[in-house]
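See below for query-v3.pdb, which holds PDB, C-alpha atoms.
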```
ATOM      1  CA  MET A   1     -24.576  -2.370 -19.473
ATOM      2  CA  LYS A   2     -21.343  -4.164 -20.354
ATOM      3  CA  THR A   3     -22.251  -7.527 -21.880
ATOM      4  CA  PHE A   4     -20.213 -10.708 -22.239
ATOM      5  CA  THR A   5     -21.565 -13.446 -24.501
ATOM      6  CA  SER A   6     -18.591 -15.727 -23.942
ATOM      7  CA  PHE A   7     -17.318 -16.244 -20.396
ATOM      8  CA  THR A   8     -16.406 -19.019 -17.985
ATOM      9  CA  GLU A   9     -17.720 -19.009 -14.450
ATOM     10  CA  LYS A  10     -14.853 -20.209 -12.278
ATOM     11  CA  LYS A  11     -16.288 -19.757  -8.802
ATOM     12  CA  ARG A  12     -19.367 -18.351  -7.131
ATOM     13  CA  THR A  13     -20.019 -17.180  -3.594
ATOM     14  CA  ASN A  14     -23.177 -15.733  -2.078
ATOM     15  CA  GLN A  15     -21.989 -12.247  -3.004
ATOM     16  CA  ALA A  16     -19.750 -12.515  -6.078
ATOM     17  CA  VAL A  17     -18.832 -14.532  -9.135
ATOM     18  CA  LEU A  18     -15.316 -15.135 -10.477
ATOM     19  CA  ILE A  19     -15.302 -15.222 -14.260
ATOM     20  CA  SER A  20     -12.782 -15.546 -17.048
ATOM     21  CA  ALA A  21     -13.556 -13.691 -20.274
ATOM     22  CA  PHE A  22     -11.976 -11.873 -23.173
ATOM     23  CA  VAL A  23     -12.076  -8.157 -22.395
ATOM     24  CA  GLU A  24     -12.074  -6.080 -25.595
ATOM     25  CA  GLU A  25     -10.783  -2.971 -23.826
ATOM     26  CA  THR A  26      -7.594  -4.720 -22.618
ATOM     27  CA  GLY A  27      -7.270  -7.054 -25.604
ATOM     28  CA  LYS A  28      -6.755 -10.177 -23.518
ATOM     29  CA  ASN A  29      -8.410 -12.828 -21.397
ATOM     30  CA  GLU A  30      -8.904 -11.676 -17.837
ATOM     31  CA  SER A  31     -10.103 -13.345 -14.652
ATOM     32  CA  PHE A  32     -11.961 -11.132 -12.216
ATOM     33  CA  PHE A  33     -14.645 -11.054  -9.536
ATOM     34  CA  LEU A  34     -17.958  -9.313 -10.094
ATOM     35  CA  PRO A  35     -20.413  -8.596  -7.275
ATOM     36  CA  LEU A  36     -23.731 -10.327  -7.904
ATOM     37  CA  SER A  37     -25.482  -7.073  -6.960
ATOM     38  CA  VAL A  38     -24.258  -5.443 -10.217
ATOM     39  CA  THR A  39     -24.213  -8.566 -12.395
ATOM     40  CA  LYS A  40     -26.983 -10.341 -14.299
ATOM     41  CA  ILE A  41     -26.405 -13.801 -15.756
ATOM     42  CA  ASP A  42     -28.985 -15.040 -18.239
ATOM     43  CA  GLY A  43     -27.910 -18.292 -19.906
ATOM     44  CA  ASN A  44     -24.716 -17.583 -21.867
ATOM     45  CA  THR A  45     -24.944 -13.821 -21.414
ATOM     46  CA  LEU A  46     -23.472 -11.850 -18.540
ATOM     47  CA  SER A  47     -24.281  -8.166 -18.055
ATOM     48  CA  VAL A  48     -22.540  -5.762 -15.694
ATOM     49  CA  ASP A  49     -23.706  -2.336 -14.499
ATOM     50  CA  ASP A  50     -21.942   0.409 -16.539
ATOM     51  CA  GLU A  51     -20.739   2.454 -13.560
ATOM     52  CA  PHE A  52     -19.238  -0.586 -11.883
ATOM     53  CA  TRP A  53     -17.669  -1.756 -15.145
ATOM     54  CA  LYS A  54     -15.917   1.597 -15.648
ATOM     55  CA  THR A  55     -14.286   1.246 -12.221
ATOM     56  CA  LYS A  56     -13.394  -2.412 -12.807
ATOM     57  CA  LEU A  57     -11.870  -1.603 -16.192
ATOM     58  CA  VAL A  58      -9.639   1.074 -14.667
ATOM     59  CA  GLU A  59      -8.403  -1.549 -12.167
ATOM     60  CA  MET A  60      -7.621  -3.979 -14.992
ATOM     61  CA  GLN A  61      -5.842  -1.380 -17.093
ATOM     62  CA  ASN A  62      -3.806  -0.092 -14.136
ATOM     63  CA  PRO A  63      -3.113  -3.133 -11.974
ATOM     64  CA  THR A  64      -1.506  -2.451  -8.640
ATOM     65  CA  THR A  65       1.710  -4.316  -8.050
ATOM     66  CA  GLU A  66       1.701  -6.344  -4.900
ATOM     67  CA  LYS A  67       4.556  -5.776  -2.519
ATOM     68  CA  LEU A  68       6.547  -9.002  -2.299
ATOM     69  CA  VAL A  69       8.557 -10.299   0.629
ATOM     70  CA  ALA A  70      11.358 -12.846   0.431
ATOM     71  CA  ILE A  71      11.397 -15.420   3.228
ATOM     72  CA  SER A  72      14.667 -17.229   3.933
ATOM     73  CA  THR A  73      14.067 -20.701   5.334
ATOM     74  CA  ALA A  74      15.590 -24.168   5.605
ATOM     75  CA  LEU A  75      12.188 -25.886   5.215
ATOM     76  CA  TYR A  76      10.224 -25.803   1.992
ATOM     77  CA  GLU A  77       7.863 -28.672   1.206
ATOM     78  CA  SER A  78       5.530 -28.183  -1.714
ATOM     79  CA  GLY A  79       2.188 -29.934  -1.401
ATOM     80  CA  GLU A  80      -0.766 -30.243  -3.735
ATOM     81  CA  LYS A  81      -2.316 -26.853  -2.847
ATOM     82  CA  SER A  82       0.132 -25.245  -0.441
ATOM     83  CA  ALA A  83       3.754 -25.249   0.610
ATOM     84  CA  LYS A  84       4.959 -25.772   4.163
ATOM     85  CA  VAL A  85       7.610 -23.258   5.176
ATOM     86  CA  SER A  86       9.165 -22.775   8.577
ATOM     87  CA  VAL A  87      10.158 -19.597  10.330
ATOM     88  CA  ARG A  88      11.958 -19.320  13.622
ATOM     89  CA  ALA A  89      10.282 -17.135  16.207
ATOM     90  CA  LYS A  90      11.220 -16.134  19.712
ATOM     91  CA  LEU A  91       8.661 -15.449  22.382
ATOM     92  CA  LYS A  92       9.811 -12.166  23.956
ATOM     93  CA  SER A  93       9.549 -13.245  27.581
ATOM     94  CA  LEU A  94      11.256 -16.610  27.052
ATOM     95  CA  ASP A  95      14.812 -17.254  25.974
ATOM     96  CA  ARG A  96      13.875 -19.980  23.525
ATOM     97  CA  THR A  97      13.397 -20.203  19.756
ATOM     98  CA  TYR A  98      10.410 -21.995  18.259
ATOM     99  CA  GLU A  99       9.886 -23.314  14.745
ATOM    100  CA  ILE A 100       6.572 -22.117  13.345
ATOM    101  CA  TRP A 101       5.132 -23.732  10.222
ATOM    102  CA  LEU A 102       3.472 -21.477   7.692
ATOM    103  CA  PHE A 103       1.284 -22.833   4.920
ATOM    104  CA  LEU A 104       1.516 -20.678   1.810
ATOM    105  CA  PRO A 105      -0.863 -21.218  -1.132
ATOM    106  CA  ASN A 106       1.091 -22.463  -4.157
ATOM    107  CA  SER A 107      -0.899 -20.073  -6.343
ATOM    108  CA  LYS A 108       0.580 -17.094  -4.456
ATOM    109  CA  ILE A 109       4.236 -18.187  -4.465
ATOM    110  CA  GLN A 110       6.029 -16.014  -7.012
ATOM    111  CA  ASP A 111       9.486 -17.605  -6.864
ATOM    112  CA  VAL A 112      11.473 -20.261  -4.994
ATOM    113  CA  THR A 113      15.260 -20.308  -5.072
ATOM    114  CA  GLY A 114      17.343 -22.961  -3.362
ATOM    115  CA  THR A 115      21.020 -22.592  -2.462
ATOM    116  CA  GLN A 116      23.261 -25.121  -0.788
ATOM    117  CA  ASN A 117      24.601 -24.165   2.637
ATOM    118  CA  GLU A 118      27.897 -25.173   4.305
ATOM    119  CA  ASP A 119      26.270 -28.191   5.987
ATOM    120  CA  GLY A 120      25.162 -29.653   2.642
ATOM    121  CA  GLY A 121      21.524 -28.722   3.262
ATOM    122  CA  THR A 122      19.441 -26.342   1.219
ATOM    123  CA  ASN A 123      18.357 -22.850   2.175
ATOM    124  CA  TYR A 124      15.346 -21.505   0.321
ATOM    125  CA  THR A 125      14.236 -18.007  -0.526
ATOM    126  CA  ILE A 126      10.503 -17.857  -1.195
ATOM    127  CA  LYS A 127       8.832 -14.766  -2.621
ATOM    128  CA  VAL A 128       5.167 -14.171  -1.841
ATOM    129  CA  PRO A 129       2.941 -11.103  -1.566
ATOM    130  CA  GLN A 130       3.427  -9.414   1.794
ATOM    131  CA  TRP A 131      -0.235  -9.838   2.762
ATOM    132  CA  VAL A 132       0.004 -13.609   2.163
ATOM    133  CA  TYR A 133       3.042 -13.886   4.438
ATOM    134  CA  GLU A 134       1.477 -11.729   7.152
ATOM    135  CA  SER A 135      -1.785 -13.678   7.048
ATOM    136  CA  ALA A 136      -0.020 -17.069   7.166
ATOM    137  CA  LEU A 137       2.199 -15.934  10.058
ATOM    138  CA  LYS A 138      -0.749 -14.550  12.012
ATOM    139  CA  ASN A 139      -2.745 -17.769  11.498
ATOM    140  CA  ALA A 140       0.200 -19.970  12.523
ATOM    141  CA  LEU A 141       0.957 -17.918  15.641
ATOM    142  CA  GLU A 142      -2.693 -17.822  16.701
ATOM    143  CA  TYR A 143      -2.883 -21.607  16.305
ATOM    144  CA  GLN A 144       0.193 -22.053  18.511
ATOM    145  CA  LEU A 145      -1.115 -19.594  21.087
ATOM    146  CA  ASN A 146      -4.614 -21.091  21.280
ATOM    147  CA  ASN A 147      -3.510 -24.717  21.344
ATOM    148  CA  PHE A 148      -0.274 -24.569  23.350
ATOM    149  CA  TRP A 149       1.112 -21.457  25.033
ATOM    150  CA  ASN A 150      -2.137 -19.950  26.322
ATOM    151  CA  LYS A 151      -3.974 -23.192  26.979
ATOM    152  CA  ASP A 152      -3.534 -23.288  30.775
ATOM    153  CA  LYS A 153      -3.070 -19.568  31.435
ATOM    154  CA  GLU A 154      -5.443 -17.015  32.845
ATOM    155  CA  PRO A 155      -6.726 -14.551  30.185
ATOM    156  CA  GLN A 156      -4.703 -11.661  31.612
ATOM    157  CA  GLU A 157      -1.524 -13.763  31.211
ATOM    158  CA  HIS A 158      -2.174 -14.719  27.569
ATOM    159  CA  TYR A 159       0.517 -14.119  24.995
ATOM    160  CA  THR A 160      -0.400 -12.454  21.709
ATOM    161  CA  ALA A 161       1.086 -12.675  18.208
ATOM    162  CA  GLU A 162       2.852  -9.366  18.909
ATOM    163  CA  ASP A 163       4.859 -11.088  21.682
ATOM    164  CA  PHE A 164       6.818 -12.999  19.011
ATOM    165  CA  THR A 165       9.865 -11.875  17.089
ATOM    166  CA  VAL A 166      10.525 -13.624  13.766
ATOM    167  CA  LEU A 167      14.213 -14.478  13.407
ATOM    168  CA  ASN A 168      14.274 -15.480   9.711
ATOM    169  CA  ASP A 169      15.488 -13.031   7.118
ATOM    170  CA  ILE A 170      12.407 -11.378   5.653
ATOM    171  CA  LYS A 171      13.128  -8.799   2.973
TER
END
```
Exercise: express the given structure as structure tokens:
Amino acid sequence: MKTFTSFTEKKRTNQAVLISAFVEETGKNESFFLPLSVTKIDGNTLSVDDEFWKTKLVEMQNPTTEKLVAISTALYESGEKSAKVSVRAKLKSLDRTYEIWLFLPNSKIQDVTGTQNEDGGTNYTIKVPQWVYESALKNALEYQLNNFWNKDKEPQEHYTAEDFTVLNDIK
């Protein structure tokens, strides 16, 4: 069993615990989730199953780099926990462009760069992990579809998220 005598529990769900602790093998403080099924917490001591710990340690020592995307947008409003960003999308069957608001968690935004455009406004380039962008876009489109475009249509006439084309520069 891998044992930690000094750790901070940051969050707990029904299935896992997020802790922060000094990991001797990496030589630094790390934050990571541990499934409760392989973890035992007894007061100030946390023990982890050896087999699971070996796998977790390999992940920590060889972190995967997340693929980032850069979103070009004219709207960037940073809030307390998330930033509002707009993308322009066109519904394939209609000749009209819609502004879709995405809410990106501030904790996942890697970089924000603002440049002035010819009109005196600011264009922003926001870098986030690709999965964050895709999830935010899917959620925003589904909200629009459920609450507006598909509201009075028969199920066989419903639009889907795949019926949209995003017009912003996404790199």
**OP:** Quick one: pull the distance between atom CA of A:Lys138 and atom CA of A:Ile170, Å, one decimal.
**Re:**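 Separation between atom CA of A:Lys138 and atom CA of A:Ile170: 15.0 Å.
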Original post:
Separation of atom CA of A:Tyr143 and atom CA of A:Thr13, in Å?
Top reply: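 Atom CA of A:Thr13 lies 26.6 Å from atom CA of A:Tyr143.
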Subject >> Residue nearest A:Ser72 among A:Met60, A:Ala136, A:Ile126, A:Val23 (counting only C-alpha atoms) >> reply: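 The shortest atom-to-atom distance to A:Ser72 comes from A:Ile126.
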**OP:** Output the residue selection produced by the PyMOL selection byres ((chain A and resi 76) around 12) on the file above, formatted as a VMD selection string.
**Re:** chain A and resid 71 to 75 77 to 79 82 to 87 101 to 104 106 109 112 to 114 121 to 126
Subject >> Between atom CA of A:Pro35 and atom CA of A:Trp53 - distance in Å to one decimal >> reply: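 Result for atom CA of A:Trp53 versus atom CA of A:Pro35: 10.8 Å, one decimal.
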Subject >> Among listed residues A:Thr3, A:Leu68, A:Ile100, A:Asp119, nearest A:Arg88 (using all atoms listed in the file) >> reply: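 Smallest distance to A:Arg88 is found for A:Ile100.
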**OP:** Give me the result of the PyMOL selection byres ((chain A and resi 9) around 12) on this file, residue by residue, as a ChimeraX atom specification.
**Re:** /A:4,6-8,10-13,16-21,30-34,41,43-46
Using only C-alpha atoms, please write the residues we just selected to a file, as an mmCIF file, in the frame of the given file.
```
data_model
loop_
_atom_site.group_PDB
_atom_site.id
_atom_site.type_symbol
_atom_site.label_atom_id
_atom_site.label_comp_id
_atom_site.auth_asym_id
_atom_site.auth_seq_id
_atom_site.Cartn_x
_atom_site.Cartn_y
_atom_site.Cartn_z
ATOM 1 C CA PHE A 4 -20.213 -10.708 -22.239
ATOM 2 C CA SER A 6 -18.591 -15.727 -23.942
ATOM 3 C CA PHE A 7 -17.318 -16.244 -20.396
ATOM 4 C CA THR A 8 -16.406 -19.019 -17.985
ATOM 5 C CA LYS A 10 -14.853 -20.209 -12.278
ATOM 6 C CA LYS A 11 -16.288 -19.757 -8.802
ATOM 7 C CA ARG A 12 -19.367 -18.351 -7.131
ATOM 8 C CA THR A 13 -20.019 -17.180 -3.594
ATOM 9 C CA ALA A 16 -19.750 -12.515 -6.078
ATOM 10 C CA VAL A 17 -18.832 -14.532 -9.135
ATOM 11 C CA LEU A 18 -15.316 -15.135 -10.477
ATOM 12 C CA ILE A 19 -15.302 -15.222 -14.260
ATOM 13 C CA SER A 20 -12.782 -15.546 -17.048
ATOM 14 C CA ALA A 21 -13.556 -13.691 -20.274
ATOM 15 C CA GLU A 30 -8.904 -11.676 -17.837
ATOM 16 C CA SER A 31 -10.103 -13.345 -14.652
ATOM 17 C CA PHE A 32 -11.961 -11.132 -12.216
ATOM 18 C CA PHE A 33 -14.645 -11.054 -9.536
ATOM 19 C CA LEU A 34 -17.958 -9.313 -10.094
ATOM 20 C CA ILE A 41 -26.405 -13.801 -15.756
ATOM 21 C CA GLY A 43 -27.910 -18.292 -19.906
ATOM 22 C CA ASN A 44 -24.716 -17.583 -21.867
ATOM 23 C CA THR A 45 -24.944 -13.821 -21.414
ATOM 24 C CA LEU A 46 -23.472 -11.850 -18.540
#
```
